[in-house]
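What's in start.pdb: PDB, C-alpha atoms
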ATOM      1  CA  MET A   1       4.698 -15.606  32.819  1.00  0.00           C
ATOM      2  CA  THR A   2       6.630 -16.939  29.835  1.00  0.00           C
ATOM      3  CA  LEU A   3       4.370 -17.902  26.961  1.00  0.00           C
ATOM      4  CA  ASP A   4       4.902 -20.901  24.709  1.00  0.00           C
ATOM      5  CA  ILE A   5       6.169 -19.210  21.529  1.00  0.00           C
ATOM      6  CA  ARG A   6       7.283 -21.320  18.577  1.00  0.00           C
ATOM      7  CA  SER A   7       8.757 -20.412  15.219  1.00  0.00           C
ATOM      8  CA  MET A   8       6.637 -21.076  12.159  1.00  0.00           C
ATOM      9  CA  GLY A   9       9.194 -20.754   9.406  1.00  0.00           C
ATOM     10  CA  ASP A  10      11.305 -17.601   9.301  1.00  0.00           C
ATOM     11  CA  ARG A  11       8.438 -15.106   9.115  1.00  0.00           C
ATOM     12  CA  ALA A  12       5.962 -16.127  11.800  1.00  0.00           C
ATOM     13  CA  LEU A  13       5.547 -17.074  15.453  1.00  0.00           C
ATOM     14  CA  LEU A  14       2.862 -19.286  16.980  1.00  0.00           C
ATOM     15  CA  VAL A  15       1.880 -18.267  20.511  1.00  0.00           C
ATOM     16  CA  ALA A  16      -0.113 -20.586  22.792  1.00  0.00           C
ATOM     17  CA  THR A  17      -2.490 -18.699  25.079  1.00  0.00           C
ATOM     18  CA  GLN A  18      -5.772 -19.025  26.941  1.00  0.00           C
ATOM     19  CA  HIS A  19      -6.937 -15.690  25.518  1.00  0.00           C
ATOM     20  CA  PRO A  20      -6.197 -15.698  21.772  1.00  0.00           C
ATOM     21  CA  ALA A  21      -8.514 -12.851  20.736  1.00  0.00           C
ATOM     22  CA  ARG A  22      -7.287 -10.582  23.517  1.00  0.00           C
ATOM     23  CA  LEU A  23      -3.624 -11.284  22.880  1.00  0.00           C
ATOM     24  CA  ALA A  24      -3.989 -10.785  19.121  1.00  0.00           C
ATOM     25  CA  ALA A  25      -5.710  -7.437  19.652  1.00  0.00           C
ATOM     26  CA  SER A  26      -3.008  -6.337  22.085  1.00  0.00           C
ATOM     27  CA  ILE A  27      -0.214  -7.238  19.654  1.00  0.00           C
ATOM     28  CA  GLU A  28      -1.847  -5.360  16.790  1.00  0.00           C
ATOM     29  CA  SER A  29      -2.559  -2.314  18.982  1.00  0.00           C
ATOM     30  CA  LEU A  30       1.183  -1.920  19.651  1.00  0.00           C
ATOM     31  CA  THR A  31       1.898  -1.341  15.922  1.00  0.00           C
ATOM     32  CA  ILE A  32       5.236  -3.183  16.190  1.00  0.00           C
ATOM     33  CA  VAL A  33       7.589  -2.478  13.304  1.00  0.00           C
ATOM     34  CA  GLY A  34       7.428  -5.291  10.769  1.00  0.00           C
ATOM     35  CA  VAL A  35       4.419  -7.097  12.245  1.00  0.00           C
ATOM     36  CA  ILE A  36       1.933  -7.820   9.448  1.00  0.00           C
ATOM     37  CA  GLU A  37      -0.907  -9.359  11.428  1.00  0.00           C
ATOM     38  CA  ALA A  38      -1.831 -11.343  14.535  1.00  0.00           C
ATOM     39  CA  VAL A  39      -4.417 -14.040  13.799  1.00  0.00           C
ATOM     40  CA  PRO A  40      -6.243 -15.700  16.733  1.00  0.00           C
ATOM     41  CA  ALA A  41      -7.331 -19.339  16.645  1.00  0.00           C
ATOM     42  CA  ALA A  42      -8.889 -21.577  19.303  1.00  0.00           C
ATOM     43  CA  GLU A  43      -5.823 -21.723  21.576  1.00  0.00           C
ATOM     44  CA  THR A  44      -3.076 -19.922  19.662  1.00  0.00           C
ATOM     45  CA  VAL A  45      -2.165 -16.691  17.901  1.00  0.00           C
ATOM     46  CA  LEU A  46      -0.186 -16.689  14.653  1.00  0.00           C
ATOM     47  CA  VAL A  47       1.977 -13.566  14.399  1.00  0.00           C
ATOM     48  CA  ARG A  48       3.247 -12.848  10.887  1.00  0.00           C
ATOM     49  CA  PHE A  49       6.078 -10.383  10.317  1.00  0.00           C
ATOM     50  CA  ASP A  50       8.449  -9.209   7.594  1.00  0.00           C
ATOM     51  CA  SER A  51      12.212  -8.687   7.378  1.00  0.00           C
ATOM     52  CA  ASN A  52      11.972  -5.337   9.203  1.00  0.00           C
ATOM     53  CA  CYS A  53      10.949  -7.052  12.426  1.00  0.00           C
ATOM     54  CA  ASP A  54      13.451  -8.184  15.044  1.00  0.00           C
ATOM     55  CA  ARG A  55      12.294 -11.680  16.021  1.00  0.00           C
ATOM     56  CA  LYS A  56      13.899 -11.724  19.485  1.00  0.00           C
ATOM     57  CA  SER A  57      12.558  -8.280  20.316  1.00  0.00           C
ATOM     58  CA  LEU A  58       9.101  -9.361  19.148  1.00  0.00           C
ATOM     59  CA  GLN A  59       9.208 -12.437  21.369  1.00  0.00           C
ATOM     60  CA  ARG A  60      10.156 -10.311  24.381  1.00  0.00           C
ATOM     61  CA  THR A  61       7.328  -7.885  23.637  1.00  0.00           C
ATOM     62  CA  ILE A  62       4.772 -10.678  23.360  1.00  0.00           C
ATOM     63  CA  ASN A  63       5.944 -12.195  26.645  1.00  0.00           C
ATOM     64  CA  ASP A  64       5.537  -8.825  28.336  1.00  0.00           C
ATOM     65  CA  ILE A  65       1.871  -8.633  27.373  1.00  0.00           C
ATOM     66  CA  ASP A  66      -0.527  -9.741  30.074  1.00  0.00           C
ATOM     67  CA  ASP A  67      -3.013 -11.379  27.739  1.00  0.00           C
ATOM     68  CA  ALA A  68      -5.386 -12.215  30.598  1.00  0.00           C
ATOM     69  CA  ALA A  69      -5.692  -8.536  31.530  1.00  0.00           C
ATOM     70  CA  SER A  70      -5.669  -7.118  28.019  1.00  0.00           C
ATOM     71  CA  SER A  71      -8.883  -6.585  26.143  1.00  0.00           C
ATOM     72  CA  THR A  72      -9.876  -6.350  22.524  1.00  0.00           C
ATOM     73  CA  THR A  73     -10.521  -2.846  21.286  1.00  0.00           C
ATOM     74  CA  ASP A  74     -13.590  -1.675  19.387  1.00  0.00           C
ATOM     75  CA  THR A  75     -15.623  -4.801  20.066  1.00  0.00           C
ATOM     76  CA  THR A  76     -19.316  -5.029  19.258  1.00  0.00           C
ATOM     77  CA  HIS A  77     -22.331  -6.766  20.768  1.00  0.00           C
ATOM     78  CA  VAL A  78     -24.380  -8.390  18.014  1.00  0.00           C
ATOM     79  CA  VAL A  79     -27.930  -9.680  18.466  1.00  0.00           C
ATOM     80  CA  ILE A  80     -28.900 -12.318  15.897  1.00  0.00           C
ATOM     81  CA  PRO A  81     -32.609 -13.129  15.419  1.00  0.00           C
ATOM     82  CA  VAL A  82     -33.194 -16.846  14.904  1.00  0.00           C
ATOM     83  CA  THR A  83     -36.076 -18.951  13.707  1.00  0.00           C
ATOM     84  CA  TYR A  84     -35.456 -22.272  15.445  1.00  0.00           C
ATOM     85  CA  ASP A  85     -36.490 -24.555  12.585  1.00  0.00           C
ATOM     86  CA  GLY A  86     -33.244 -26.466  11.950  1.00  0.00           C
ATOM     87  CA  GLU A  87     -33.196 -29.976  10.511  1.00  0.00           C
ATOM     88  CA  ASP A  88     -31.308 -31.315  13.532  1.00  0.00           C
ATOM     89  CA  LEU A  89     -33.247 -29.546  16.290  1.00  0.00           C
ATOM     90  CA  GLY A  90     -35.337 -32.591  17.184  1.00  0.00           C
ATOM     91  CA  ASP A  91     -32.340 -34.938  17.089  1.00  0.00           C
ATOM     92  CA  VAL A  92     -30.315 -32.598  19.292  1.00  0.00           C
ATOM     93  CA  ALA A  93     -33.146 -32.513  21.825  1.00  0.00           C
ATOM     94  CA  ARG A  94     -33.407 -36.312  21.895  1.00  0.00           C
ATOM     95  CA  MET A  95     -29.641 -36.843  22.131  1.00  0.00           C
ATOM     96  CA  CYS A  96     -29.380 -34.335  24.976  1.00  0.00           C
ATOM     97  CA  GLY A  97     -32.427 -35.677  26.816  1.00  0.00           C
ATOM     98  CA  LEU A  98     -34.199 -32.338  26.555  1.00  0.00           C
ATOM     99  CA  ASP A  99     -37.392 -30.906  25.118  1.00  0.00           C
ATOM    100  CA  ILE A 100     -37.074 -28.811  21.969  1.00  0.00           C
ATOM    101  CA  ALA A 101     -38.198 -25.792  23.967  1.00  0.00           C
ATOM    102  CA  ASP A 102     -35.336 -26.431  26.415  1.00  0.00           C
ATOM    103  CA  VAL A 103     -32.752 -26.562  23.613  1.00  0.00           C
ATOM    104  CA  ILE A 104     -34.026 -23.248  22.270  1.00  0.00           C
ATOM    105  CA  ALA A 105     -34.025 -21.657  25.713  1.00  0.00           C
ATOM    106  CA  ILE A 106     -30.509 -22.875  26.542  1.00  0.00           C
ATOM    107  CA  HIS A 107     -28.981 -21.921  23.194  1.00  0.00           C
ATOM    108  CA  SER A 108     -30.532 -18.443  23.182  1.00  0.00           C
ATOM    109  CA  ALA A 109     -29.734 -17.651  26.826  1.00  0.00           C
ATOM    110  CA  ILE A 110     -25.951 -17.676  26.353  1.00  0.00           C
ATOM    111  CA  LEU A 111     -23.739 -14.643  25.793  1.00  0.00           C
ATOM    112  CA  TYR A 112     -21.235 -15.995  23.252  1.00  0.00           C
ATOM    113  CA  THR A 113     -17.819 -14.570  22.413  1.00  0.00           C
ATOM    114  CA  VAL A 114     -16.230 -14.713  18.970  1.00  0.00           C
ATOM    115  CA  ALA A 115     -13.075 -16.739  19.610  1.00  0.00           C
ATOM    116  CA  PHE A 116     -11.748 -16.712  16.051  1.00  0.00           C
ATOM    117  CA  CYS A 117     -12.853 -16.754  12.422  1.00  0.00           C
ATOM    118  CA  GLY A 118     -12.106 -19.371   9.800  1.00  0.00           C
ATOM    119  CA  PHE A 119     -13.404 -22.163   7.551  1.00  0.00           C
ATOM    120  CA  ALA A 120     -15.132 -19.618   5.268  1.00  0.00           C
ATOM    121  CA  PRO A 121     -15.219 -15.795   4.982  1.00  0.00           C
ATOM    122  CA  GLY A 122     -17.358 -14.438   7.805  1.00  0.00           C
ATOM    123  CA  PHE A 123     -17.616 -17.775   9.649  1.00  0.00           C
ATOM    124  CA  ALA A 124     -17.098 -17.040  13.361  1.00  0.00           C
ATOM    125  CA  TYR A 125     -16.489 -19.697  16.003  1.00  0.00           C
ATOM    126  CA  LEU A 126     -18.574 -18.695  19.029  1.00  0.00           C
ATOM    127  CA  ARG A 127     -17.275 -19.756  22.415  1.00  0.00           C
ATOM    128  CA  GLY A 128     -19.594 -20.360  25.366  1.00  0.00           C
ATOM    129  CA  LEU A 129     -21.951 -23.157  24.323  1.00  0.00           C
ATOM    130  CA  ASP A 130     -23.664 -24.726  27.329  1.00  0.00           C
ATOM    131  CA  SER A 131     -22.221 -28.182  28.089  1.00  0.00           C
ATOM    132  CA  ARG A 132     -25.729 -29.647  27.936  1.00  0.00           C
ATOM    133  CA  LEU A 133     -25.704 -29.011  24.176  1.00  0.00           C
ATOM    134  CA  THR A 134     -22.180 -30.255  23.481  1.00  0.00           C
ATOM    135  CA  MET A 135     -22.126 -32.975  20.846  1.00  0.00           C
ATOM    136  CA  PRO A 136     -19.927 -34.031  17.912  1.00  0.00           C
ATOM    137  CA  ARG A 137     -20.313 -33.050  14.278  1.00  0.00           C
ATOM    138  CA  LEU A 138     -22.401 -35.193  11.966  1.00  0.00           C
ATOM    139  CA  ASN A 139     -20.761 -38.439  10.864  1.00  0.00           C
ATOM    140  CA  THR A 140     -21.443 -37.467   7.255  1.00  0.00           C
ATOM    141  CA  PRO A 141     -21.339 -33.749   6.444  1.00  0.00           C
ATOM    142  CA  ARG A 142     -24.104 -32.229   4.343  1.00  0.00           C
ATOM    143  CA  VAL A 143     -23.253 -31.280   0.786  1.00  0.00           C
ATOM    144  CA  ARG A 144     -25.286 -28.094   1.166  1.00  0.00           C
ATOM    145  CA  VAL A 145     -25.944 -25.973   4.250  1.00  0.00           C
ATOM    146  CA  PRO A 146     -27.936 -22.816   3.505  1.00  0.00           C
ATOM    147  CA  ALA A 147     -26.692 -19.314   4.262  1.00  0.00           C
ATOM    148  CA  GLY A 148     -27.913 -18.167   7.666  1.00  0.00           C
ATOM    149  CA  ALA A 149     -28.006 -21.644   9.220  1.00  0.00           C
ATOM    150  CA  VAL A 150     -27.448 -21.472  12.991  1.00  0.00           C
ATOM    151  CA  ALA A 151     -25.553 -24.532  14.160  1.00  0.00           C
ATOM    152  CA  ILE A 152     -23.587 -26.238  16.923  1.00  0.00           C
ATOM    153  CA  ALA A 153     -20.668 -28.691  16.957  1.00  0.00           C
ATOM    154  CA  ASP A 154     -18.460 -29.826  19.815  1.00  0.00           C
ATOM    155  CA  GLN A 155     -18.128 -26.804  22.158  1.00  0.00           C
ATOM    156  CA  TRP A 156     -18.938 -24.208  19.482  1.00  0.00           C
ATOM    157  CA  SER A 157     -21.891 -22.430  17.976  1.00  0.00           C
ATOM    158  CA  ALA A 158     -21.829 -20.587  14.645  1.00  0.00           C
ATOM    159  CA  VAL A 159     -23.807 -19.159  11.753  1.00  0.00           C
ATOM    160  CA  TYR A 160     -23.029 -20.215   8.183  1.00  0.00           C
ATOM    161  CA  PRO A 161     -22.550 -16.863   6.407  1.00  0.00           C
ATOM    162  CA  ARG A 162     -22.905 -18.354   2.916  1.00  0.00           C
ATOM    163  CA  GLU A 163     -24.183 -21.590   1.410  1.00  0.00           C
ATOM    164  CA  SER A 164     -21.528 -24.287   1.757  1.00  0.00           C
ATOM    165  CA  PRO A 165     -20.941 -27.916   2.724  1.00  0.00           C
ATOM    166  CA  GLY A 166     -20.882 -28.508   6.471  1.00  0.00           C
ATOM    167  CA  GLY A 167     -21.095 -31.071   9.229  1.00  0.00           C
ATOM    168  CA  TRP A 168     -22.492 -29.011  12.088  1.00  0.00           C
ATOM    169  CA  ARG A 169     -25.911 -29.729  13.611  1.00  0.00           C
ATOM    170  CA  LEU A 170     -28.514 -27.212  12.437  1.00  0.00           C
ATOM    171  CA  LEU A 171     -30.750 -25.608  15.062  1.00  0.00           C
ATOM    172  CA  GLY A 172     -32.294 -22.767  13.093  1.00  0.00           C
ATOM    173  CA  THR A 173     -31.913 -19.973  10.572  1.00  0.00           C
ATOM    174  CA  THR A 174     -31.393 -16.220  10.540  1.00  0.00           C
ATOM    175  CA  THR A 175     -32.005 -13.660   7.821  1.00  0.00           C
ATOM    176  CA  MET A 176     -29.173 -11.454   9.102  1.00  0.00           C
ATOM    177  CA  SER A 177     -26.333 -11.084   6.606  1.00  0.00           C
ATOM    178  CA  LEU A 178     -23.026 -11.974   8.247  1.00  0.00           C
ATOM    179  CA  PHE A 179     -20.817 -11.438   5.202  1.00  0.00           C
ATOM    180  CA  ASP A 180     -21.324  -8.884   2.439  1.00  0.00           C
ATOM    181  CA  LEU A 181     -18.542  -7.794   0.083  1.00  0.00           C
ATOM    182  CA  THR A 182     -20.347  -4.537  -0.673  1.00  0.00           C
ATOM    183  CA  ARG A 183     -19.813  -3.303   2.897  1.00  0.00           C
ATOM    184  CA  PRO A 184     -16.628  -1.497   4.040  1.00  0.00           C
ATOM    185  CA  GLN A 185     -16.177  -4.308   6.589  1.00  0.00           C
ATOM    186  CA  PRO A 186     -17.657  -7.412   4.901  1.00  0.00           C
ATOM    187  CA  ALA A 187     -17.712  -9.643   8.014  1.00  0.00           C
ATOM    188  CA  THR A 188     -20.270  -8.772  10.685  1.00  0.00           C
ATOM    189  CA  LEU A 189     -18.384 -10.621  13.430  1.00  0.00           C
ATOM    190  CA  LYS A 190     -14.759 -10.315  14.494  1.00  0.00           C
ATOM    191  CA  PRO A 191     -12.731 -11.861  17.361  1.00  0.00           C
ATOM    192  CA  GLY A 192     -13.711 -10.402  20.713  1.00  0.00           C
ATOM    193  CA  ASP A 193     -17.269  -9.489  19.724  1.00  0.00           C
ATOM    194  CA  THR A 194     -20.133 -10.843  21.820  1.00  0.00           C
ATOM    195  CA  VAL A 195     -23.193 -12.512  20.320  1.00  0.00           C
ATOM    196  CA  GLN A 196     -26.703 -13.193  21.581  1.00  0.00           C
ATOM    197  CA  PHE A 197     -29.260 -15.304  19.703  1.00  0.00           C
ATOM    198  CA  THR A 198     -32.881 -14.162  19.999  1.00  0.00           C
ATOM    199  CA  PRO A 199     -35.734 -16.541  19.107  1.00  0.00           C
ATOM    200  CA  ILE A 200     -38.261 -14.924  16.766  1.00  0.00           C
ATOM    201  CA  SER A 201     -40.352 -17.975  15.895  1.00  0.00           C
ATOM    202  CA  PRO A 202     -39.667 -20.915  18.243  1.00  0.00           C
ATOM    203  CA  VAL A 203     -40.747 -24.335  17.064  1.00  0.00           C
ATOM    204  CA  ALA A 204     -43.574 -25.733  19.139  1.00  0.00           C
ATOM    205  CA  GLY A 205     -43.236 -29.175  20.577  1.00  0.00           C
ATOM    206  CA  SER A 206     -41.670 -31.022  23.457  1.00  0.00           C
ATOM    207  CA  THR A 207     -40.154 -34.210  22.129  1.00  0.00           C
ATOM    208  CA  ALA A 208     -37.143 -35.499  24.048  1.00  0.00           C
TER     209      ALA A 208
END
Would you mind writing the structure in this file as structure tokens?
Amino acid sequence: MTLDIRSMGDRALLVATQHPARLAASIESLTIVGVIEAVPAAETVLVRFDSNCDRKSLQRTINDIDDAASSTTDTTHVVIPVTYDGEDLGDVARMCGLDIADVIAIHSAILYTVAFCGFAPGFAYLRGLDSRLTMPRLNTPRVRVPAGAVAIADQWSAVYPRESPGGWRLLGTTTMSLFDLTRPQPATLKPGDTVQFTPISPVAGSTA
């Protein structure tokens, strides 16, 4: 199958794919001469290369990769403990027509996959959110979201690795550090990893 590959200037290609993390890992595993990096996003992979890379040869190589069959290497399963005490938990329950306990159960039952990272260092977009919890971002973003906030927006879930502004709906908090510059690999999560949230102190109540 021929992929949709577009030039992004004279030193990059943008590849549309249904499996960005897998395709990016496959490209990097081939150690192609001149390829600097392959960066997955929600539906694309940006492949950056230098003057030593033959663009046409690179395009042929990418097209030859079966991204649906390929898999990311050295992936990790990460369990994140969560206290479901977020400011928006009650509102999410009401908007979804659920009890708070149902929101917690649904959110923590899912095996998420890290689709890509962005927005801030260590911020991972987690694919797999149950459609019953799908809702838009806040109309007015918060000026301050604390580090460790567990949140949802649109079809994604995520954890804010550091304090920052943000417009996602907050379900809870975790004390796990997801980004630490003192570690050899600062970011805990990388594309292809799987994530499970585990409630450690669910909020009582059943408002809908």
So which one's closest to Thr175 in chain A, A:Ile32, A:Val82, A:Ala151, A:Ala109? Using only C-alpha atoms, please.
->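 Once distances to Thr175 in chain A are computed over only C-alpha atoms, the minimum belongs to A:Val82.
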If you apply the PyMOL selection byres ((chain A and resi 142) around 6) to this file, what residues do you get, as a ChimeraX atom specification?
-> /A:141,143-144,165-167
Let me know the residues the PyMOL selection byres ((chain A and resi 185-193) around 10) catches in the file above, as a PDB file with C-alpha atoms, in the frame of the given file.
ATOM      1  CA  HIS A  19      -6.937 -15.690  25.518  1.00  0.00           C
ATOM      2  CA  PRO A  20      -6.197 -15.698  21.772  1.00  0.00           C
ATOM      3  CA  ALA A  21      -8.514 -12.851  20.736  1.00  0.00           C
ATOM      4  CA  ARG A  22      -7.287 -10.582  23.517  1.00  0.00           C
ATOM      5  CA  ALA A  24      -3.989 -10.785  19.121  1.00  0.00           C
ATOM      6  CA  ALA A  25      -5.710  -7.437  19.652  1.00  0.00           C
ATOM      7  CA  VAL A  39      -4.417 -14.040  13.799  1.00  0.00           C
ATOM      8  CA  PRO A  40      -6.243 -15.700  16.733  1.00  0.00           C
ATOM      9  CA  ALA A  41      -7.331 -19.339  16.645  1.00  0.00           C
ATOM     10  CA  SER A  71      -8.883  -6.585  26.143  1.00  0.00           C
ATOM     11  CA  THR A  72      -9.876  -6.350  22.524  1.00  0.00           C
ATOM     12  CA  THR A  73     -10.521  -2.846  21.286  1.00  0.00           C
ATOM     13  CA  ASP A  74     -13.590  -1.675  19.387  1.00  0.00           C
ATOM     14  CA  THR A  75     -15.623  -4.801  20.066  1.00  0.00           C
ATOM     15  CA  THR A  76     -19.316  -5.029  19.258  1.00  0.00           C
ATOM     16  CA  HIS A  77     -22.331  -6.766  20.768  1.00  0.00           C
ATOM     17  CA  VAL A  78     -24.380  -8.390  18.014  1.00  0.00           C
ATOM     18  CA  TYR A 112     -21.235 -15.995  23.252  1.00  0.00           C
ATOM     19  CA  THR A 113     -17.819 -14.570  22.413  1.00  0.00           C
ATOM     20  CA  VAL A 114     -16.230 -14.713  18.970  1.00  0.00           C
ATOM     21  CA  ALA A 115     -13.075 -16.739  19.610  1.00  0.00           C
ATOM     22  CA  PHE A 116     -11.748 -16.712  16.051  1.00  0.00           C
ATOM     23  CA  CYS A 117     -12.853 -16.754  12.422  1.00  0.00           C
ATOM     24  CA  PRO A 121     -15.219 -15.795   4.982  1.00  0.00           C
ATOM     25  CA  GLY A 122     -17.358 -14.438   7.805  1.00  0.00           C
ATOM     26  CA  PHE A 123     -17.616 -17.775   9.649  1.00  0.00           C
ATOM     27  CA  ALA A 124     -17.098 -17.040  13.361  1.00  0.00           C
ATOM     28  CA  TYR A 125     -16.489 -19.697  16.003  1.00  0.00           C
ATOM     29  CA  LEU A 126     -18.574 -18.695  19.029  1.00  0.00           C
ATOM     30  CA  PRO A 161     -22.550 -16.863   6.407  1.00  0.00           C
ATOM     31  CA  MET A 176     -29.173 -11.454   9.102  1.00  0.00           C
ATOM     32  CA  SER A 177     -26.333 -11.084   6.606  1.00  0.00           C
ATOM     33  CA  LEU A 178     -23.026 -11.974   8.247  1.00  0.00           C
ATOM     34  CA  PHE A 179     -20.817 -11.438   5.202  1.00  0.00           C
ATOM     35  CA  ASP A 180     -21.324  -8.884   2.439  1.00  0.00           C
ATOM     36  CA  LEU A 181     -18.542  -7.794   0.083  1.00  0.00           C
ATOM     37  CA  THR A 182     -20.347  -4.537  -0.673  1.00  0.00           C
ATOM     38  CA  ARG A 183     -19.813  -3.303   2.897  1.00  0.00           C
ATOM     39  CA  PRO A 184     -16.628  -1.497   4.040  1.00  0.00           C
ATOM     40  CA  THR A 194     -20.133 -10.843  21.820  1.00  0.00           C
ATOM     41  CA  VAL A 195     -23.193 -12.512  20.320  1.00  0.00           C
TER      42      VAL A 195
END
Exercise: Glu163 in chain A partners within 9 Å, only C-alpha atoms, chain neighbours under 6 positions left out, as a ChimeraX atom specification | /A:144-149
For the residues in the current selection, export C-alpha atoms as a short mmCIF file (atom, residue, chain, number, x, y, z; two decimals), in the coordinates of the input.
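The resulting file, out27.cif, is shown below:
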data_model
loop_
_atom_site.label_atom_id
_atom_site.label_comp_id
_atom_site.auth_asym_id
_atom_site.auth_seq_id
_atom_site.Cartn_x
_atom_site.Cartn_y
_atom_site.Cartn_z
CA ARG A 144 -25.29 -28.09 1.17
CA VAL A 145 -25.94 -25.97 4.25
CA PRO A 146 -27.94 -22.82 3.50
CA ALA A 147 -26.69 -19.31 4.26
CA GLY A 148 -27.91 -18.17 7.67
CA ALA A 149 -28.01 -21.64 9.22
#
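If you count all atoms listed in the file and ignore residues fewer than 2 places along the chain from Arg6 in chain A, what sits within 12 Å of it is Leu3, Asp4, Met8, Gly9, Asp10, Arg11, Ala12, Leu13, Leu14, Val15, Ala16, Thr44, Val45, Leu46, Val47, Arg55, Lys56, Gln59 and Ile62 of chain A.
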Give me the result of the PyMOL selection byres ((chain A and resi 90) around 12) on this file, residue by residue, as a PyMOL selection string.
-> chain A and resi 84-89+91-104+169-172+203-208
